[in-house]
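J.: File follows, structure23.txt with compact mmCIF, C-alpha atoms:
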```txt
# COMPACT_ATOMS: atom_id res chain seq x y z
CA MET A 288 10.51 -25.88 -13.70
CA THR A 289 9.78 -27.49 -17.05
CA ARG A 290 6.69 -26.17 -18.72
CA VAL A 291 4.36 -28.82 -20.16
CA LEU A 292 1.27 -27.88 -22.13
CA LEU A 293 -1.95 -29.73 -21.40
CA ALA A 294 -3.93 -29.15 -24.61
CA THR A 295 -7.22 -28.17 -23.01
CA ARG A 296 -9.19 -25.11 -21.96
CA ASN A 297 -10.93 -27.04 -19.20
CA PRO A 298 -9.63 -25.80 -15.82
CA LYS A 299 -10.83 -29.03 -14.15
CA LYS A 300 -8.47 -31.03 -16.35
CA LEU A 301 -5.54 -28.80 -15.41
CA VAL A 302 -6.26 -29.26 -11.71
CA GLU A 303 -6.66 -32.99 -12.26
CA LEU A 304 -3.23 -33.44 -13.84
CA ASP A 305 -1.62 -31.30 -11.11
CA ARG A 306 -3.28 -33.51 -8.49
CA ILE A 307 -2.13 -36.73 -10.19
CA LEU A 308 1.45 -35.48 -10.46
CA ALA A 309 1.41 -34.46 -6.77
CA ALA A 310 0.02 -37.86 -5.76
CA GLU A 311 2.90 -39.49 -7.65
CA ASP A 312 5.39 -37.17 -5.88
CA VAL A 313 6.41 -35.53 -9.13
CA SER A 314 7.70 -31.99 -8.87
CA GLY A 315 9.48 -29.63 -11.23
CA ILE A 316 6.75 -29.71 -13.90
CA ASP A 317 4.59 -26.68 -14.51
CA ILE A 318 1.37 -27.66 -16.28
CA ILE A 319 -0.15 -24.88 -18.37
CA GLY A 320 -3.31 -24.87 -20.49
CA LEU A 321 -4.18 -23.56 -23.92
CA ASP A 322 -5.33 -20.28 -22.40
CA ALA A 323 -1.71 -19.61 -21.39
CA VAL A 324 -0.23 -19.89 -24.89
CA GLU A 325 -0.60 -17.92 -28.10
CA PRO A 326 -3.81 -19.03 -29.85
CA TYR A 327 -3.35 -21.27 -32.89
CA PRO A 328 -5.90 -22.82 -35.27
CA GLU A 329 -7.23 -25.95 -33.55
CA GLU A 330 -8.37 -28.71 -35.87
CA PRO A 331 -11.70 -30.44 -35.18
CA GLU A 332 -11.38 -33.94 -33.70
CA THR A 333 -12.45 -36.21 -36.53
CA GLY A 334 -10.52 -39.38 -35.73
CA THR A 335 -12.29 -42.69 -35.37
CA THR A 336 -10.47 -43.59 -32.14
CA PHE A 337 -9.66 -41.83 -28.88
CA GLU A 338 -5.97 -42.54 -29.51
CA ASP A 339 -6.01 -40.86 -32.94
CA ASN A 340 -7.71 -37.77 -31.53
CA ALA A 341 -5.39 -37.45 -28.53
CA LEU A 342 -2.29 -37.81 -30.72
CA ALA A 343 -3.56 -35.34 -33.34
CA LYS A 344 -4.37 -32.76 -30.67
CA ALA A 345 -0.94 -33.12 -29.05
CA ARG A 346 0.93 -32.99 -32.37
CA ASP A 347 -0.91 -29.81 -33.40
CA ALA A 348 -0.01 -28.17 -30.11
CA VAL A 349 3.66 -29.16 -30.32
CA ARG A 350 3.85 -27.84 -33.87
CA ALA A 351 2.28 -24.52 -32.84
CA THR A 352 3.99 -23.96 -29.49
CA GLY A 353 7.19 -26.02 -29.43
CA LEU A 354 6.23 -27.18 -25.92
CA PRO A 355 6.10 -30.78 -24.70
CA THR A 356 2.37 -31.48 -24.76
CA VAL A 357 -0.09 -33.82 -23.12
CA ALA A 358 -3.49 -34.16 -24.80
CA ASP A 359 -6.34 -36.51 -24.07
CA ASP A 360 -9.52 -37.70 -25.67
CA SER A 361 -12.10 -39.40 -23.52
CA GLY A 362 -15.60 -40.67 -23.84
CA LEU A 363 -18.26 -43.08 -22.81
CA ALA A 364 -18.72 -46.40 -24.64
CA VAL A 365 -22.27 -47.65 -24.02
CA ASP A 366 -22.89 -51.35 -24.64
CA ALA A 367 -26.49 -50.86 -25.82
CA LEU A 368 -25.28 -48.18 -28.27
CA ASN A 369 -22.59 -50.45 -29.79
CA GLY A 370 -19.85 -48.50 -28.02
CA MET A 371 -21.15 -45.04 -28.92
CA PRO A 372 -21.17 -42.09 -28.08
CA GLY A 373 -17.45 -42.98 -28.10
CA VAL A 374 -15.42 -40.33 -29.90
CA LEU A 375 -18.62 -38.28 -30.26
CA SER A 376 -19.25 -38.16 -26.48
CA ALA A 377 -18.62 -34.42 -26.14
CA ARG A 378 -21.12 -33.54 -28.91
CA TRP A 379 -23.52 -36.50 -28.89
CA SER A 380 -26.62 -34.31 -28.99
CA GLY A 381 -25.12 -32.13 -31.72
CA THR A 382 -24.11 -29.58 -29.09
CA ARG A 383 -21.29 -29.43 -26.54
CA ASP A 384 -23.82 -29.11 -23.71
CA ASP A 385 -23.00 -31.79 -21.11
CA GLY A 386 -26.58 -31.77 -19.81
CA ALA A 387 -28.11 -32.24 -23.26
CA ASN A 388 -25.67 -35.05 -24.08
CA LEU A 389 -26.40 -36.88 -20.81
CA ARG A 390 -30.17 -36.50 -21.26
CA LEU A 391 -29.96 -37.85 -24.80
CA VAL A 392 -28.17 -41.01 -23.63
CA LEU A 393 -30.78 -41.47 -20.88
CA ASP A 394 -33.60 -41.02 -23.41
CA GLN A 395 -31.99 -43.44 -25.87
CA LEU A 396 -31.69 -46.04 -23.10
CA ALA A 397 -35.18 -45.44 -21.69
CA ASP A 398 -36.42 -48.90 -22.73
CA VAL A 399 -33.12 -50.71 -22.15
CA PRO A 400 -33.44 -53.00 -19.10
CA ASP A 401 -31.04 -52.85 -16.15
CA GLU A 402 -29.06 -55.94 -17.17
CA ARG A 403 -28.11 -54.35 -20.50
CA ARG A 404 -27.00 -50.92 -19.21
CA GLY A 405 -23.25 -51.61 -19.09
CA ALA A 406 -20.82 -48.89 -20.18
CA SER A 407 -17.14 -47.99 -19.96
CA PHE A 408 -15.39 -44.69 -19.73
CA VAL A 409 -12.30 -44.65 -21.94
CA CYS A 410 -9.43 -42.16 -21.95
CA ALA A 411 -6.51 -42.00 -24.35
CA ALA A 412 -3.72 -39.71 -23.14
CA ALA A 413 -0.90 -38.76 -25.48
CA LEU A 414 2.46 -37.19 -24.69
CA VAL A 415 4.28 -35.64 -27.65
CA LEU A 416 7.70 -34.02 -27.35
CA PRO A 417 9.29 -31.52 -29.74
CA SER A 418 11.92 -34.20 -30.41
CA GLY A 419 9.25 -36.37 -32.01
CA VAL A 420 8.90 -38.84 -29.15
CA GLU A 421 5.26 -39.95 -28.82
CA VAL A 422 3.59 -42.03 -26.11
CA VAL A 423 -0.11 -42.92 -25.91
CA ALA A 424 -1.75 -44.66 -22.96
CA THR A 425 -5.37 -45.81 -22.73
CA GLY A 426 -7.35 -46.28 -19.51
CA GLN A 427 -10.75 -47.92 -19.08
CA TRP A 428 -13.31 -47.74 -16.29
CA SER A 429 -16.27 -50.14 -16.39
CA GLY A 430 -19.68 -49.76 -14.82
CA VAL A 431 -23.39 -49.34 -15.46
CA LEU A 432 -25.63 -46.40 -16.33
CA VAL A 433 -28.38 -45.49 -13.88
CA ARG A 434 -31.65 -43.82 -14.88
CA ARG A 435 -31.37 -40.62 -12.83
CA PRO A 436 -28.35 -38.31 -12.52
CA ARG A 437 -26.80 -38.13 -9.03
CA GLY A 438 -23.91 -36.06 -7.67
CA SER A 439 -22.24 -32.85 -8.68
CA ASN A 440 -18.53 -33.65 -8.95
CA GLY A 441 -16.91 -34.35 -12.29
CA PHE A 442 -18.45 -33.49 -15.65
CA GLY A 443 -19.94 -35.08 -18.74
CA TYR A 444 -21.65 -38.38 -18.08
CA ASP A 445 -20.32 -38.74 -14.49
CA PRO A 446 -23.76 -38.28 -12.85
CA ILE A 447 -25.20 -41.42 -14.50
CA PHE A 448 -22.15 -43.74 -14.34
CA VAL A 449 -21.83 -46.16 -11.40
CA PRO A 450 -18.42 -47.87 -11.51
CA ASP A 451 -18.25 -51.62 -10.95
CA GLY A 452 -17.82 -52.36 -7.26
CA ASP A 453 -19.43 -49.12 -6.11
CA THR A 454 -22.99 -47.86 -5.54
CA ARG A 455 -22.19 -44.18 -6.03
CA THR A 456 -22.07 -42.44 -9.39
CA SER A 457 -18.70 -41.10 -10.43
CA ALA A 458 -20.11 -37.60 -9.78
CA GLU A 459 -20.48 -38.65 -6.12
CA LEU A 460 -16.81 -39.62 -5.73
CA SER A 461 -14.27 -37.12 -4.45
CA PRO A 462 -11.72 -36.00 -7.05
CA GLU A 463 -8.96 -37.96 -5.25
CA GLU A 464 -11.03 -41.16 -5.11
CA LYS A 465 -11.89 -40.77 -8.76
CA ASP A 466 -8.27 -40.21 -9.82
CA ARG A 467 -7.27 -43.53 -8.26
CA VAL A 468 -9.69 -45.64 -10.30
CA SER A 469 -10.94 -43.63 -13.26
CA HIS A 470 -10.09 -44.06 -16.93
CA ARG A 471 -8.46 -40.62 -16.87
CA GLY A 472 -6.45 -41.32 -13.74
CA ARG A 473 -5.20 -44.61 -15.18
CA ALA A 474 -4.23 -43.18 -18.56
CA LEU A 475 -2.55 -40.07 -17.15
CA ARG A 476 -0.62 -42.05 -14.52
CA MET A 477 0.78 -44.27 -17.29
CA LEU A 478 2.29 -41.13 -18.83
CA VAL A 479 3.94 -39.91 -15.63
CA PRO A 480 7.15 -41.99 -15.92
CA HIS A 481 7.58 -40.76 -19.49
CA LEU A 482 7.01 -37.18 -18.40
CA THR A 483 9.62 -37.40 -15.66
CA SER A 484 12.25 -39.38 -17.57
CA THR A 485 11.99 -37.53 -20.87
CA LEU A 486 11.92 -34.04 -19.41
CA THR A 487 14.91 -34.23 -17.09
CA MET B 57 -60.07 -63.44 -49.11
CA THR B 58 -57.69 -64.40 -46.27
CA ARG B 59 -57.19 -61.65 -43.75
CA VAL B 60 -53.56 -61.03 -42.76
CA LEU B 61 -52.67 -58.54 -40.06
CA LEU B 62 -49.75 -56.20 -40.69
CA ALA B 63 -48.80 -55.16 -37.16
CA THR B 64 -48.52 -51.42 -37.76
CA ARG B 65 -50.55 -48.25 -37.49
CA ASN B 66 -48.60 -46.64 -40.31
CA PRO B 67 -50.89 -46.34 -43.37
CA LYS B 68 -47.84 -46.01 -45.66
CA LYS B 69 -46.70 -49.48 -44.61
CA LEU B 70 -50.14 -50.94 -45.39
CA VAL B 71 -50.11 -49.43 -48.85
CA GLU B 72 -46.54 -50.63 -49.36
CA LEU B 73 -47.35 -54.28 -48.65
CA ASP B 74 -50.45 -54.08 -50.87
CA ARG B 75 -48.27 -52.69 -53.66
CA ILE B 76 -45.63 -55.40 -53.23
CA LEU B 77 -48.25 -58.17 -53.27
CA ALA B 78 -49.82 -56.69 -56.42
CA ALA B 79 -46.41 -56.45 -58.13
CA GLU B 80 -45.89 -60.14 -57.35
CA ASP B 81 -49.35 -60.96 -58.78
CA VAL B 82 -50.65 -62.15 -55.43
CA SER B 83 -54.38 -61.87 -54.89
CA GLY B 84 -56.78 -63.22 -52.30
CA ILE B 85 -55.00 -61.65 -49.34
CA ASP B 86 -56.61 -58.78 -47.46
CA ILE B 87 -53.99 -56.82 -45.50
CA ILE B 88 -55.38 -55.05 -42.46
CA GLY B 89 -53.61 -52.89 -39.88
CA LEU B 90 -53.72 -52.63 -36.11
CA ASP B 91 -56.41 -49.94 -36.37
CA ALA B 92 -58.77 -52.58 -37.80
CA VAL B 93 -58.51 -54.99 -34.86
CA GLU B 94 -59.49 -54.86 -31.21
CA PRO B 95 -56.77 -52.96 -29.28
CA TYR B 96 -54.42 -55.10 -27.18
CA PRO B 97 -51.51 -54.14 -24.94
CA GLU B 98 -48.50 -53.63 -27.23
CA GLU B 99 -45.12 -54.36 -25.64
CA PRO B 100 -42.27 -51.89 -26.18
CA GLU B 101 -39.59 -53.04 -28.65
CA THR B 102 -36.63 -53.81 -26.44
CA GLY B 103 -34.82 -56.47 -28.48
CA THR B 104 -31.21 -56.06 -29.45
CA THR B 105 -31.80 -57.06 -33.09
CA PHE B 106 -34.32 -56.15 -35.79
CA GLU B 107 -35.21 -59.86 -36.09
CA ASP B 108 -36.03 -60.17 -32.35
CA ASN B 109 -38.24 -57.10 -32.48
CA ALA B 110 -40.10 -58.14 -35.63
CA LEU B 111 -40.75 -61.64 -34.27
CA ALA B 112 -41.87 -60.37 -30.84
CA LYS B 113 -44.28 -57.91 -32.44
CA ALA B 114 -45.77 -60.57 -34.71
CA ARG B 115 -46.10 -63.14 -31.89
CA ASP B 116 -47.88 -60.62 -29.65
CA ALA B 117 -50.33 -59.83 -32.42
CA VAL B 118 -51.05 -63.49 -33.20
CA ARG B 119 -51.62 -64.20 -29.51
CA ALA B 120 -54.04 -61.26 -29.23
CA THR B 121 -55.91 -61.58 -32.52
CA GLY B 122 -55.52 -65.15 -33.77
CA LEU B 123 -54.73 -63.72 -37.21
CA PRO B 124 -51.74 -64.62 -39.41
CA THR B 125 -49.47 -61.63 -38.86
CA VAL B 126 -46.64 -59.86 -40.63
CA ALA B 127 -44.53 -57.48 -38.53
CA ASP B 128 -41.35 -55.66 -39.36
CA ASP B 129 -38.62 -53.77 -37.63
CA SER B 130 -36.39 -51.53 -39.67
CA GLY B 131 -33.68 -49.03 -39.10
CA LEU B 132 -30.58 -47.29 -40.26
CA ALA B 133 -27.13 -48.66 -39.42
CA VAL B 134 -24.60 -45.82 -39.73
CA ASP B 135 -20.94 -46.85 -40.09
CA ALA B 136 -19.56 -43.85 -38.18
CA LEU B 137 -22.01 -44.60 -35.34
CA ASN B 138 -20.91 -48.27 -35.05
CA GLY B 139 -24.16 -49.42 -36.66
CA MET B 140 -26.45 -47.24 -34.57
CA PRO B 141 -29.20 -45.86 -34.49
CA GLY B 142 -30.06 -49.49 -35.41
CA VAL B 143 -32.94 -50.80 -33.33
CA LEU B 144 -33.27 -47.32 -31.79
CA SER B 145 -33.79 -45.62 -35.20
CA ALA B 146 -37.42 -44.66 -34.54
CA ARG B 147 -36.58 -42.93 -31.24
CA TRP B 148 -32.95 -41.94 -31.66
CA SER B 149 -33.50 -38.40 -30.36
CA GLY B 150 -35.55 -39.70 -27.45
CA THR B 151 -38.73 -38.88 -29.37
CA ARG B 152 -40.58 -40.57 -32.22
CA ASP B 153 -40.27 -37.40 -34.32
CA ASP B 154 -38.75 -38.37 -37.71
CA GLY B 155 -37.46 -34.83 -38.26
CA ALA B 156 -35.74 -34.66 -34.88
CA ASN B 157 -34.17 -38.10 -35.37
CA LEU B 158 -32.85 -37.21 -38.82
CA ARG B 159 -31.46 -33.87 -37.60
CA LEU B 160 -29.69 -35.59 -34.71
CA VAL B 161 -27.93 -38.02 -37.07
CA LEU B 162 -26.88 -35.10 -39.30
CA ASP B 163 -25.58 -33.19 -36.27
CA GLN B 164 -23.70 -36.22 -34.97
CA LEU B 165 -22.05 -36.66 -38.38
CA ALA B 166 -21.31 -32.96 -38.88
CA ASP B 167 -17.53 -33.49 -38.67
CA VAL B 168 -17.49 -36.90 -40.37
CA PRO B 169 -15.91 -36.59 -43.84
CA ASP B 170 -17.64 -37.80 -46.99
CA GLU B 171 -15.60 -41.00 -47.29
CA ARG B 172 -16.79 -42.18 -43.88
CA ARG B 173 -20.54 -41.51 -44.31
CA GLY B 174 -21.59 -45.04 -45.31
CA ALA B 175 -24.85 -46.45 -43.95
CA SER B 176 -27.29 -49.29 -44.58
CA PHE B 177 -31.00 -49.52 -44.16
CA VAL B 178 -31.98 -52.87 -42.65
CA CYS B 179 -35.43 -54.46 -42.44
CA ALA B 180 -36.39 -57.67 -40.68
CA ALA B 181 -39.87 -58.89 -41.66
CA ALA B 182 -41.51 -61.70 -39.70
CA LEU B 183 -44.52 -63.84 -40.61
CA VAL B 184 -46.11 -65.71 -37.71
CA LEU B 185 -49.10 -68.02 -38.18
CA PRO B 186 -51.55 -69.16 -35.49
CA SER B 187 -50.25 -72.69 -36.14
CA GLY B 188 -46.88 -71.61 -34.76
CA VAL B 189 -45.09 -71.41 -38.10
CA GLU B 190 -42.56 -68.53 -38.07
CA VAL B 191 -40.50 -67.06 -40.90
CA VAL B 192 -38.12 -64.09 -40.66
CA ALA B 193 -36.42 -62.44 -43.64
CA THR B 194 -33.85 -59.64 -43.52
CA GLY B 195 -33.19 -57.13 -46.30
CA GLN B 196 -30.34 -54.65 -46.56
CA TRP B 197 -29.88 -51.51 -48.66
CA SER B 198 -26.45 -49.83 -48.70
CA GLY B 199 -25.58 -46.23 -49.45
CA VAL B 200 -24.20 -43.00 -48.04
CA LEU B 201 -25.64 -40.18 -45.95
CA VAL B 202 -25.70 -36.70 -47.48
CA ARG B 203 -25.54 -33.48 -45.46
CA ARG B 204 -28.87 -31.93 -46.50
CA PRO B 205 -32.28 -33.65 -46.67
CA ARG B 206 -33.78 -33.92 -50.18
CA GLY B 207 -37.11 -35.29 -51.38
CA SER B 208 -40.49 -35.84 -49.79
CA ASN B 209 -41.35 -39.48 -50.46
CA GLY B 210 -40.82 -42.14 -47.82
CA PHE B 211 -40.28 -41.45 -44.15
CA GLY B 212 -37.66 -41.61 -41.44
CA TYR B 213 -34.12 -41.16 -42.71
CA ASP B 214 -35.06 -41.42 -46.42
CA PRO B 215 -34.27 -37.75 -47.20
CA ILE B 216 -30.56 -38.14 -46.30
CA PHE B 217 -29.88 -41.65 -47.69
CA VAL B 218 -28.45 -42.00 -51.21
CA PRO B 219 -28.42 -45.67 -52.23
CA ASP B 220 -25.29 -47.08 -53.87
CA GLY B 221 -25.54 -46.67 -57.66
CA ASP B 222 -27.90 -43.68 -57.49
CA THR B 223 -27.54 -39.93 -56.99
CA ARG B 224 -31.05 -39.37 -55.62
CA THR B 225 -31.99 -39.81 -51.98
CA SER B 226 -34.46 -42.57 -51.24
CA ALA B 227 -37.03 -39.83 -50.56
CA GLU B 228 -36.63 -38.83 -54.24
CA LEU B 229 -37.47 -42.31 -55.56
CA SER B 230 -41.02 -43.23 -56.50
CA PRO B 231 -42.64 -45.80 -54.21
CA GLU B 232 -42.48 -48.43 -56.97
CA GLU B 233 -38.78 -47.79 -57.65
CA LYS B 234 -38.05 -47.93 -53.96
CA ASP B 235 -39.93 -51.22 -53.46
CA ARG B 236 -37.76 -52.90 -56.07
CA VAL B 237 -34.47 -52.17 -54.33
CA SER B 238 -35.12 -51.16 -50.74
CA HIS B 239 -34.41 -53.15 -47.57
CA ARG B 240 -38.17 -53.26 -46.92
CA GLY B 241 -39.03 -54.39 -50.42
CA ARG B 242 -36.41 -57.14 -50.30
CA ALA B 243 -37.45 -58.45 -46.88
CA LEU B 244 -41.20 -58.34 -47.60
CA ARG B 245 -40.80 -60.02 -51.00
CA MET B 246 -38.94 -62.89 -49.32
CA LEU B 247 -42.07 -63.47 -47.22
CA VAL B 248 -44.48 -63.53 -50.16
CA PRO B 249 -44.02 -67.23 -51.11
CA HIS B 250 -44.61 -68.17 -47.48
CA LEU B 251 -47.71 -65.99 -47.34
CA THR B 252 -49.19 -67.57 -50.45
CA SER B 253 -48.25 -71.19 -49.72
CA THR B 254 -49.16 -71.24 -46.04
CA LEU B 255 -52.46 -69.43 -46.38
CA THR B 256 -54.06 -71.43 -49.14
```
If you took the structure in this file and wrote it as structure tokens, what would it be?

T.:
Amino acid sequence: MTRVLLATRNPKKLVELDRILAAEDVSGIDIIGLDAVEPYPEEPETGTTFEDNALAKARDAVRATGLPTVADDSGLAVDALNGMPGVLSARWSGTRDDGANLRLVLDQLADVPDERRGASFVCAAALVLPSGVEVVATGQWSGVLVRRPRGSNGFGYDPIFVPDGDTRTSAELSPEEKDRVSHRGRALRMLVPHLTSTLT
Amino acid sequence: MTRVLLATRNPKKLVELDRILAAEDVSGIDIIGLDAVEPYPEEPETGTTFEDNALAKARDAVRATGLPTVADDSGLAVDALNGMPGVLSARWSGTRDDGANLRLVLDQLADVPDERRGASFVCAAALVLPSGVEVVATGQWSGVLVRRPRGSNGFGYDPIFVPDGDTRTSAELSPEEKDRVSHRGRALRMLVPHLTSTLT
């Protein structure tokens, strides 16, 4: 088994990457999270793009641990907010409280009519190897924001995001359904060939 | 005296336009606010630009009152927020509380370094006459956002905005100083010739 660090403390993200690797019939890779390695000083994410943040997070982890590392930065780009919260999605309300961040977006869009409530989830996923090899992949998922949260799967802004072509929010999709179409699923799947070819 | 409606309930804005007219040696115009006219249903500001909102507000007022009307829409365009809060400046936190809106911007920029804290105040001022004549003028005022509020003049985001070429926040400028250089002063002064020529 090759150990690969996923630079996160979010257990849902660890399970997600395991599920995506299994769905792609990848074996022999043991995904571990930040809780399984020696703590190191983590820099705040201050990049202006998802790609910058994902790469910076992965590079820091490789430097500290020597392990091949996958890191991601994701967020919601709301049309009526000129693409924000964007890289500030996880702390849009000034806190890291998902509920407060979601409520703030709903409040900010209170007077925005249905035809202008478009939004996209974006995920940049970076793979950095101790050899210096770096790969970044970006996935998008387009839809609209509804006015009332629905569903309990997922996290973040999932309960108010209805993907194009569906009537359910992304918090009402099963994890497997979501992997197939989501920004995160798309970005992480693009890394899989690099994970398998560079690690063997 | 010709009565001109300034479509606002903010007494500071009434005083401001009086002051600007006096500084331009304009007399014979009596500026009144919305509190001095019969109430009418005011539409929410849902435009995507300051100009749209200012024009819509002025048109509504002319339709309801038959008075020549000046209306404005102003806001803060923050570089690191892709130009937001923009048209949502007055209710960025989901409330119309200036203090809460300012604190939210500070919190959202907490990790944004000094060199990326640029921002501009923008004001669109519209003059609409019962004859159908319409004029819109836009003023800009560029600067940077500091991390701690200073000063007690002005309103909104004034206590955290330091205009280019100054070290004081706009809340530390006197009203007369501010009129000379601010987005609002610039936009309103561009309307003055139209006010004087079209009303006499």

J.: Would you work out the distance separating CA of Cys179 in chain B from CA of Leu244 in chain B, expressed in Å to one decimal?

T.: 8.7 Å

J.: What does the distance between CA of Leu363 in chain A and CA of Asn440 in chain A come to in Å, to one decimal place?

T.: 16.8 Å

J.: Nearest residue to Asn297 in chain A out of A:Pro372, A:Gly441, A:Val365, A:Ser469, using all atoms listed in the file?

T.: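 Under the stated criterion, the closest residue is A:Gly441.
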
J.: Nearest residue to Glu463 in chain A out of A:Arg306, A:Arg296, A:Arg378, A:His481, using all atoms listed in the file?

T.: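 Nearest candidate to Glu463 in chain A out of A:Arg306, A:Arg296, A:Arg378, A:His481: A:Arg306.
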
J.: So that each row is one residue of chain A with an atom at most 12 Å from chain B, can you give its shortest atom pair and the distance in Å to one decimal, using only C-alpha atoms, rows by chain and rising number, as a tab-separated table?

T.:
```
residue	atom	partner	partner_atom	distance
A:Glu330	CA	B:Asp167	CA	10.7
A:Pro331	CA	B:Asp167	CA	7.4
A:Glu332	CA	B:Asp167	CA	7.9
A:Thr333	CA	B:Asp167	CA	6.1
A:Gly334	CA	B:Val168	CA	8.7
A:Thr335	CA	B:Ala136	CA	7.9
A:Thr336	CA	B:Ala136	CA	10.9
A:Ala364	CA	B:Asn138	CA	10.8
A:Val365	CA	B:Asn138	CA	11.1
A:Asp366	CA	B:Thr104	CA	10.7
A:Ala367	CA	B:Thr104	CA	7.9
A:Leu368	CA	B:Met140	CA	6.5
A:Asn369	CA	B:Asn138	CA	5.9
A:Gly370	CA	B:Asn138	CA	7.1
A:Met371	CA	B:Leu137	CA	6.5
A:Pro372	CA	B:Leu137	CA	7.7
A:Gly373	CA	B:Leu137	CA	8.7
A:Val374	CA	B:Leu137	CA	9.6
A:Leu375	CA	B:Gln164	CA	7.2
A:Ser376	CA	B:Gln164	CA	9.8
A:Ala377	CA	B:Gln164	CA	10.3
A:Arg378	CA	B:Gln164	CA	7.1
A:Trp379	CA	B:Gln164	CA	6.1
A:Ser380	CA	B:Leu160	CA	6.6
A:Gly381	CA	B:Asp163	CA	4.7
A:Thr382	CA	B:Asp163	CA	8.2
A:Arg383	CA	B:Gln164	CA	11.1
A:Ala387	CA	B:Ser149	CA	10.8
A:Asn388	CA	B:Ser149	CA	10.6
A:Leu389	CA	B:Gly150	CA	11.7
A:Arg390	CA	B:Gly150	CA	8.8
A:Leu391	CA	B:Gly150	CA	6.5
A:Val392	CA	B:Gly150	CA	8.4
A:Leu393	CA	B:Gly150	CA	8.3
A:Asp394	CA	B:Gly150	CA	4.7
A:Gln395	CA	B:Gly150	CA	5.4
A:Leu396	CA	B:Gly150	CA	8.6
A:Ala397	CA	B:Gly150	CA	8.1
A:Asp398	CA	B:Thr102	CA	6.2
A:Val399	CA	B:Thr102	CA	6.4
A:Pro400	CA	B:Thr102	CA	8.0
A:Asp401	CA	B:Thr102	CA	11.7
A:Arg403	CA	B:Thr104	CA	9.6
```

J.: Dig up all the protein and nucleic acid residues within 12 Å of (-31.3, -32.8, -47.5) in the file frame, using only C-alpha atoms, and format them as a VMD selection string.

T.: chain B and resid 155 158 to 159 162 201 to 208 213 to 218 224 to 228

J.: Suppose you want the space between CA of Val191 in chain B and CA of Thr58 in chain B; what is it in Å?

T.: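 Going from CA of Val191 in chain B over to CA of Thr58 in chain B covers 18.2 Å.
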
J.: Leaving out Trp197 in chain B and any residue of its chain fewer than 5 positions from it, which residues lie within 9 Å of it when counting all atoms listed in the file, given as a list of chain:residue names?

T.: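 Answer for this query is B:Ala175, B:Ser176, B:Phe177, B:Val178, B:Cys179, B:Pro219, B:Asp220, B:Val237, B:Ser238, B:His239, B:Arg240, B:Arg242.
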
J.: Is it possible to get the axis-aligned box enclosing range 181-199 of chain B (all listed atoms, 8 Å extra per side) as JSON, with centre and edge lengths in Å rounded to one decimal?

T.:
```
{"center_x": -38.6, "center_y": -59.5, "center_z": -42.1, "size_x": 42.0, "size_y": 42.5, "size_z": 30.7}
```

J.: Tell me which protein, DNA and RNA residues are within 9 Å of Gly320 in chain A, counting all atoms listed in the file, leaving out same-chain ones fewer than 5 positions away, and put them as a list of chain:residue names.

T.: A:Val291, A:Leu292, A:Leu293, A:Ala294, A:Thr295, A:Arg296, A:Asn297, A:Pro298, A:Leu301

J.: I need the residue nearest Asp317 in chain A from this list: A:Gly419, A:Pro355, A:Gly430, A:Gly405. Use all atoms listed in the file for the distance.

T.: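 Of the candidates, the smallest distance to Asp317 in chain A is held by A:Pro355.
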
J.: Counting all atoms listed in the file, which of A:Glu303, A:Asp453, A:Asp322, A:Glu421 gets nearest to Val349 in chain A?

T.: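 Of A:Glu303, A:Asp453, A:Asp322, A:Glu421, the one nearest Val349 in chain A, counting all atoms listed in the file, is A:Glu421.
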
J.: Starting from the block above, write range 165-177 of chain B out to a file with C-alpha atoms, as a compact mmCIF listing (two decimals), in the first residue's frame, please.

T.:
```
# COMPACT_ATOMS: atom_id res chain seq x y z
CA LEU B 165 -10.87 40.58 4.53
CA ALA B 166 -9.20 39.40 7.74
CA ASP B 167 -6.64 37.27 5.86
CA VAL B 168 -6.28 39.61 2.87
CA PRO B 169 -2.84 41.28 2.96
CA ASP B 170 -2.38 45.05 2.81
CA GLU B 171 -1.38 45.12 -0.86
CA ARG B 172 -4.68 43.55 -1.89
CA ARG B 173 -7.05 45.78 0.14
CA GLY B 174 -7.96 48.23 -2.64
CA ALA B 175 -11.54 49.47 -2.90
CA SER B 176 -13.58 52.20 -4.58
CA PHE B 177 -16.65 54.04 -3.48
```
